[in-house]
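In what follows, a single structure is set out as structure tokens and then discussed.
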Amino acid sequence: MNLQKKLYPTMTRNNKDELTRACSLDIKNLNENERRISVSFSSEQPYERWFGTEILQHDNDSVDLQRLKEIGVSLFNHNRNYVIGKLENIRLENERCYADIIFDDDEESEKIFKKVKNGSLKGVSVGYRVDRWEDVSVGEKSSNGKFTGPVSIAAKWTPFEVSIVSIPADDSVGVGRQFEDNQQKNISNTQPEKENLMNLKELCRQLGLDYDALIGRGMTSEQIEELTKDLSKKNEPVQAPKKEETNIEAERQEAAKAEKQRTLEITKMCRDFDVNPNEYIEKDSTVEDVRAAVLEKMKAERSPIPAGSGNITVTQDEADKIRNAASDGLMMRAGVRPDKPADGSNDFRGMSLRDLAIDCLLRTGVNNAHRLDAEEVFRRAVTPDSQFTSILSDSVNKSMGKAYATNPTTYRNWVGIGSNSDFKDATHYRISEAGELKRMTQQGEFQFDEMQDTSVKKSLVTYGRKFGFTRQAMINDDLGILTKIPQAYVKAADRGVNKLVYAILGGNPKIYDGPCIISC
């Protein structure tokens with residue numbers, strides 16, 4: 001018997017995955033008049049997933065409840081087309097998340113509300129996305145010192161909906177549940193339960209049963225355990241001799257522990273270098289084998305291109321194409337239509353500023369950019385010579401150019417516009433008008449006419465203000481920093497020039513040939 005047989009399905013963990021957790025309902029805080037139920041929808045209860053034990057960290061800076069407060073709703077069985085109510089009083093207290101579900105009064109929502117009151121529906125579940133993981137190895141402590149490995153901690157995560165569900169799972173939270181002081185339920189105390197679960201799965205495999213399929217049919221772990229006992233009695237050869245039971249059980253537990261640690265380390269390593277771990281997990285590769293394979297992959301990707309390669313053709317600077325397309329995409333998303341959008345601009349039109357910053361970092365070789373939190377993403381992306389900064393600058397320039405073209409001023413209608421090469425006084429010459437033509441007689445001759453030139457001095461002056469973009473505005477995806485703010489300064493600049501021109505006119509100065517501009 002191969003005790004190193006994998007105990008988990010081959011999958012990859014991704015920060016963009018939408019995950020769910022279920023828990024039991026406990027009808028204590030129910031207000032029928034307001035159709036309101038108090039829900040405890042998440043806690044730090046360990047949860048078993050294919051990659052190992054998962055814990056949702058509930059420190060003050062770990063849970064982002066903003067999205068849930070702004071657009072969060074309550075669903076039935078996580079069906080986005082089956083909205084049953086709204087959420088209020090969303091909060092984080094005593095390492096748990098709470099919310100009040102206020103049921104709608106339509107027919108479908110009324111059915112669910114009645115089933116909850118009657119106790120027919122006994123589950124509540126939260127849908128969430130993990131923004132940053134912390135993987136803790138065997139025997140090590142988490143960064144906040146609360147959890148002992150092996151465990152994967154959701155260090156930053158965002159809930160986006162709370163559902164009433166048909167099948168409850170985690171009984172540590174639910175409707176009306178209050179925080180309990182007995183927090184001794186930590187990773188160390190749950191080890192026997194996890195080992196029993198792995199032993200049950202291994203026994204099912206020996207007996208030709210699919211544990212996950214039986215769970216999917218509605219059977220509980222206790223029912224599956226009874227089934228395996230009955231089958232084992234009918235199939236004695238499957239059981240090892242009694243004198244070897246202790247040794248086999250110890251070997252099985254040790255093998256399960258080693259396999260889990262191997263899978264966790266391979267998954268973590270491959271995730272950091274954007275490599276698919278499935279192949280290595282399936283082939284029973286060791287951690288050292290995977291490390292060597294990752295190094296070879298990096299070496300191949302970063303090796304120089306041989307001289308004389310005939311399959312390389314440079315048509316246009318790729319960075320310029322991306323910058324033009326991305327800046328036009330941002331302009332269109334902000335409601336400013338470019339005269340001629342660049343090719344590929346629609347591909348960037350749906351990106352938030354954070355998505356665009358991640359895309360720029362990935363293009364520069366930061367393979368794990370999509371796993372960084374928003375603060376770290378913008379810290380790395382906003383540098384003086386980065387592509388992301390170039391895109392923002394191009395967007396601002398285009399927005400300002402658009403504003404200059406559309407901003408109404410009157411001075412342009414009657415003044416001439418020229419240029420100076422530097423800030424020194426420059427002399428410009430003006431040729432006088434041609435003399436009137438003289439009528440000729442039959443014996444007369446043409447008289448010579450001489451045009452005069454006059455000079456005037458011109459110089460440049462500079463007016464300006466400085467403005468910037470805050471990190472908070474970029475994290476909030478506020479596109480006004482790229483359009484409204486620059487356009488406001490363009491209008492201010494044109495107003496300033498307009499005032500200066502009319503101030504000169506109002507002062508009635510002398511012009512180049514002596515008289516005042518306005519003379520009576």
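In the structure tokens, the first chain shown is A, the next is B, and so on; residue numbers restart at 1 for each chain, and ligands run from 1 in the order shown.
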Item to check | In region 299-458 of chain A, DSSP strand (DSSP E) residues written as number ranges by chain | outcome: A: 426-431, 453-458
- Message: According to DSSP computed on the backbone, where in region 336-470 of chain A is there alpha helix (DSSP H)? Give the residues as a ChimeraX atom specification.
- Response: /A:345-349,353-363,374-381,387-406
Could you write out the selected residues, including N, CA and C atoms, as a compact mmCIF listing (two decimals), in the first residue's frame?
```txt
# COMPACT_ATOMS: atom_id res chain seq x y z
N SER A 345 -7.23 50.19 -27.11
CA SER A 345 -7.66 50.98 -25.95
C SER A 345 -8.86 50.36 -25.24
N ASN A 346 -9.73 49.66 -26.00
CA ASN A 346 -10.89 49.03 -25.38
C ASN A 346 -10.49 47.91 -24.42
N ASP A 347 -9.30 47.31 -24.63
CA ASP A 347 -8.84 46.25 -23.73
C ASP A 347 -8.52 46.80 -22.35
N PHE A 348 -8.19 48.09 -22.26
CA PHE A 348 -7.85 48.71 -20.98
C PHE A 348 -9.02 49.50 -20.39
N ARG A 349 -10.10 49.62 -21.15
CA ARG A 349 -11.20 50.49 -20.73
C ARG A 349 -11.87 50.00 -19.45
N LEU A 353 -7.53 51.42 -11.73
CA LEU A 353 -6.13 51.86 -11.61
C LEU A 353 -5.27 50.77 -10.98
N ARG A 354 -5.82 50.01 -10.03
CA ARG A 354 -5.05 48.92 -9.41
C ARG A 354 -4.79 47.81 -10.43
N ASP A 355 -5.80 47.47 -11.25
CA ASP A 355 -5.60 46.44 -12.28
C ASP A 355 -4.53 46.88 -13.27
N LEU A 356 -4.56 48.15 -13.66
CA LEU A 356 -3.57 48.66 -14.61
C LEU A 356 -2.17 48.64 -14.00
N ALA A 357 -2.07 49.00 -12.72
CA ALA A 357 -0.76 48.97 -12.05
C ALA A 357 -0.22 47.55 -11.98
N ILE A 358 -1.10 46.59 -11.69
CA ILE A 358 -0.69 45.17 -11.65
C ILE A 358 -0.22 44.73 -13.03
N ASP A 359 -0.95 45.12 -14.09
CA ASP A 359 -0.57 44.75 -15.45
C ASP A 359 0.82 45.30 -15.79
N CYS A 360 1.10 46.53 -15.40
CA CYS A 360 2.42 47.13 -15.66
C CYS A 360 3.51 46.39 -14.90
N LEU A 361 3.24 46.02 -13.64
CA LEU A 361 4.25 45.29 -12.87
C LEU A 361 4.52 43.92 -13.45
N LEU A 362 3.47 43.23 -13.92
CA LEU A 362 3.66 41.92 -14.54
C LEU A 362 4.53 42.03 -15.79
N ARG A 363 4.35 43.09 -16.55
CA ARG A 363 5.15 43.28 -17.77
C ARG A 363 6.62 43.55 -17.46
N ALA A 374 -3.12 46.52 -2.17
CA ALA A 374 -3.18 47.75 -2.96
C ALA A 374 -2.04 48.70 -2.60
N GLU A 375 -1.72 48.82 -1.31
CA GLU A 375 -0.63 49.71 -0.88
C GLU A 375 0.68 49.33 -1.55
N GLU A 376 1.01 48.03 -1.52
CA GLU A 376 2.28 47.57 -2.08
C GLU A 376 2.28 47.69 -3.61
N VAL A 377 1.13 47.43 -4.24
CA VAL A 377 1.05 47.55 -5.71
C VAL A 377 1.40 48.96 -6.15
N PHE A 378 0.77 49.98 -5.54
CA PHE A 378 1.03 51.35 -5.98
C PHE A 378 2.41 51.82 -5.53
N ARG A 379 2.91 51.30 -4.42
CA ARG A 379 4.27 51.69 -4.00
C ARG A 379 5.29 51.25 -5.03
N ARG A 380 5.10 50.05 -5.58
CA ARG A 380 6.05 49.55 -6.59
C ARG A 380 5.81 50.16 -7.97
N ALA A 381 4.54 50.45 -8.29
CA ALA A 381 4.22 50.90 -9.65
C ALA A 381 4.51 52.38 -9.86
N GLN A 387 6.35 52.36 -16.24
CA GLN A 387 5.35 52.43 -17.31
C GLN A 387 4.02 52.96 -16.77
N PHE A 388 3.67 52.60 -15.55
CA PHE A 388 2.41 53.06 -14.97
C PHE A 388 2.42 54.58 -14.81
N THR A 389 3.53 55.16 -14.33
CA THR A 389 3.64 56.60 -14.21
C THR A 389 3.55 57.27 -15.58
N SER A 390 4.18 56.65 -16.59
CA SER A 390 4.12 57.19 -17.96
C SER A 390 2.69 57.21 -18.49
N ILE A 391 1.92 56.17 -18.18
CA ILE A 391 0.52 56.11 -18.64
C ILE A 391 -0.30 57.21 -17.97
N LEU A 392 -0.12 57.38 -16.65
CA LEU A 392 -0.85 58.45 -15.94
C LEU A 392 -0.48 59.82 -16.49
N SER A 393 0.82 60.05 -16.74
CA SER A 393 1.26 61.33 -17.27
C SER A 393 0.66 61.59 -18.65
N ASP A 394 0.63 60.55 -19.50
CA ASP A 394 0.06 60.70 -20.84
C ASP A 394 -1.43 61.00 -20.76
N SER A 395 -2.13 60.35 -19.82
CA SER A 395 -3.56 60.61 -19.65
C SER A 395 -3.81 62.05 -19.23
N VAL A 396 -2.99 62.56 -18.31
CA VAL A 396 -3.13 63.94 -17.86
C VAL A 396 -2.87 64.91 -19.00
N ASN A 397 -1.82 64.65 -19.80
CA ASN A 397 -1.50 65.53 -20.93
C ASN A 397 -2.63 65.57 -21.95
N LYS A 398 -3.21 64.38 -22.24
CA LYS A 398 -4.32 64.34 -23.20
C LYS A 398 -5.54 65.05 -22.65
N SER A 399 -5.79 64.89 -21.37
CA SER A 399 -6.93 65.56 -20.75
C SER A 399 -6.75 67.08 -20.79
N MET A 400 -5.53 67.55 -20.54
CA MET A 400 -5.27 68.98 -20.58
C MET A 400 -5.37 69.52 -22.00
N GLY A 401 -4.87 68.74 -22.98
CA GLY A 401 -4.98 69.17 -24.37
C GLY A 401 -6.42 69.29 -24.82
N LYS A 402 -7.24 68.33 -24.37
CA LYS A 402 -8.67 68.37 -24.69
C LYS A 402 -9.32 69.61 -24.09
N ALA A 403 -8.93 69.94 -22.86
CA ALA A 403 -9.50 71.10 -22.19
C ALA A 403 -9.08 72.40 -22.87
N TYR A 404 -7.81 72.51 -23.32
CA TYR A 404 -7.35 73.70 -24.02
C TYR A 404 -8.14 73.93 -25.30
N ALA A 405 -8.48 72.83 -25.99
CA ALA A 405 -9.18 72.94 -27.27
C ALA A 405 -10.63 73.38 -27.10
N THR A 406 -11.23 73.06 -25.95
CA THR A 406 -12.66 73.33 -25.75
C THR A 406 -12.93 74.50 -24.82
```
### Query
Got a sec: who's within 12 Å of Gly344 (chain A), counting only C-alpha atoms, leaving out chain neighbours fewer than 3 positions off, as a list in words?
Glu318, Lys321, Ile322, Arg323, Asn324, Ala325, Ala326, Ser327, Asp328, Gly329, Leu330, Lys340, Pro341, Asp347, Phe348, Arg349 and Gly350 of chain A
Separating CA of Asp100 (chain A) from CA of Arg36 (chain A), to the nearest tenth of an Å, is a gap of 6.4 Å
- Task: Identify, on the basis of only C-alpha atoms, every residue whose closest approach to Glu161 (chain A) does not exceed 7 Å; exclude the query and any residue fewer than 2 positions from it along the same chain; express the result as a list in words.
- Result: Leu68, Gly72, Val73, Ser74, Val126, Gly127, Pro159 and Ser163 of chain A
Residues from the last selection, all heavy atoms, saved as a short mmCIF file (atom, residue, chain, number, x, y, z; two decimals), in the first residue's frame:
```cif
data_model
loop_
_atom_site.label_atom_id
_atom_site.label_comp_id
_atom_site.auth_asym_id
_atom_site.auth_seq_id
_atom_site.Cartn_x
_atom_site.Cartn_y
_atom_site.Cartn_z
N LEU A 68 -18.90 45.30 1.35
CA LEU A 68 -20.12 44.71 1.89
C LEU A 68 -21.06 45.81 2.38
O LEU A 68 -22.27 45.71 2.22
CB LEU A 68 -19.77 43.75 3.03
CG LEU A 68 -20.81 42.68 3.37
CD1 LEU A 68 -21.04 41.76 2.20
CD2 LEU A 68 -20.36 41.87 4.58
N GLY A 72 -23.13 45.23 -0.61
CA GLY A 72 -23.36 43.86 -0.20
C GLY A 72 -24.85 43.55 -0.08
O GLY A 72 -25.65 44.39 0.33
N VAL A 73 -25.23 42.33 -0.44
CA VAL A 73 -26.62 41.87 -0.34
C VAL A 73 -26.64 40.48 0.28
O VAL A 73 -25.61 39.83 0.44
CB VAL A 73 -27.31 41.83 -1.72
CG1 VAL A 73 -27.44 43.21 -2.31
CG2 VAL A 73 -26.54 40.92 -2.68
N SER A 74 -27.85 40.02 0.60
CA SER A 74 -28.03 38.65 1.07
C SER A 74 -28.65 37.84 -0.05
O SER A 74 -29.61 38.27 -0.69
CB SER A 74 -28.93 38.64 2.32
OG SER A 74 -29.08 37.31 2.79
N VAL A 126 -20.81 32.83 3.91
CA VAL A 126 -20.25 34.09 3.43
C VAL A 126 -19.44 33.82 2.16
O VAL A 126 -18.69 32.85 2.07
CB VAL A 126 -19.35 34.76 4.51
CG1 VAL A 126 -18.21 33.85 4.93
CG2 VAL A 126 -18.79 36.09 3.99
N GLY A 127 -19.61 34.67 1.16
CA GLY A 127 -18.79 34.63 -0.05
C GLY A 127 -17.69 35.68 0.07
O GLY A 127 -17.96 36.83 0.42
N PRO A 159 -15.14 40.18 2.24
CA PRO A 159 -16.45 39.55 2.03
C PRO A 159 -17.29 40.38 1.07
O PRO A 159 -17.22 41.61 1.10
CB PRO A 159 -17.05 39.53 3.44
CG PRO A 159 -16.41 40.67 4.14
CD PRO A 159 -15.03 40.82 3.56
N SER A 163 -25.09 34.64 2.45
CA SER A 163 -26.18 33.83 1.91
C SER A 163 -26.83 32.98 3.01
O SER A 163 -26.16 32.52 3.94
CB SER A 163 -25.67 32.89 0.81
OG SER A 163 -25.39 33.59 -0.37
#
```
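Of the listed residues A:Leu56, A:Ile71, A:Val130, A:Val162, the one whose atoms come nearest to Ser38 (chain A) is A:Val162, with distances taken using only C-alpha atoms.
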**Study point:** Long-range neighbours of Tyr463 (chain A) as a ChimeraX atom specification, 12 Å cut-off, only C-alpha atoms, 6 positions minimum in chain
**Key:** /A:489,492-494,496-497,500
Shortest contact to Val116 (chain A), candidates A:Asn94, A:Ser166, A:Ser143, A:Thr383, atoms counted only C-alpha atoms, goes to A:Ser166
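Counting only C-alpha atoms, the residue from A:Asn89, A:Thr286, A:Asn60, A:Ser455 that sits nearest to Arg262 (chain A) is A:Thr286.
Checking A:Asn276, A:Asn420, A:Gln261, A:Ser142 one by one against Phe51 (chain A), counting only C-alpha atoms, you find the shortest gap at A:Gln261.
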Hey, what's within 10 Å of Gly468 (chain A) if we count only C-alpha atoms and toss same-chain stuff fewer than 6 positions away? As a PyMOL selection string, please?
chain A and resi 481+485-486
Written file, previous selection with N, CA and C atoms, as a PDB file, in the first residue's frame:
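Writing the result to selection_34.pdb gives the following:
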```pdb
ATOM      1  N   ILE A 481      -8.710  62.410 -10.700  1.00  0.00           N
ATOM      2  CA  ILE A 481      -7.334  62.915 -10.621  1.00  0.00           C
ATOM      3  C   ILE A 481      -6.677  62.990 -11.989  1.00  0.00           C
ATOM      4  N   ILE A 485      -9.231  67.240 -12.340  1.00  0.00           N
ATOM      5  CA  ILE A 485      -8.219  68.119 -11.735  1.00  0.00           C
ATOM      6  C   ILE A 485      -7.357  68.803 -12.804  1.00  0.00           C
ATOM      7  N   PRO A 486      -6.767  68.062 -13.776  1.00  0.00           N
ATOM      8  CA  PRO A 486      -5.987  68.743 -14.825  1.00  0.00           C
ATOM      9  C   PRO A 486      -6.824  69.734 -15.627  1.00  0.00           C
TER      10      PRO A 486
END
```
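The smallest atom-to-atom distance between Asp64 (chain A) and any of A:Tyr211, A:Thr228, A:Leu19, A:Asp131, using only C-alpha atoms, is found for A:Asp131.
Nearest residue to Pro46 (chain A), choosing from A:Tyr411, A:Phe446, A:Phe147, A:Phe423 and counting only C-alpha atoms: A:Phe147.
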Checklist entry - Do you know which residues are at most 10 Å from Phe113 (chain A) counting only C-alpha atoms, after dropping those on the same chain fewer than 4 positions away, and could you put them as a PyMOL selection string? => result chain A and resi 32+35-37+84-85+102-105+107-109+117-119+121+164
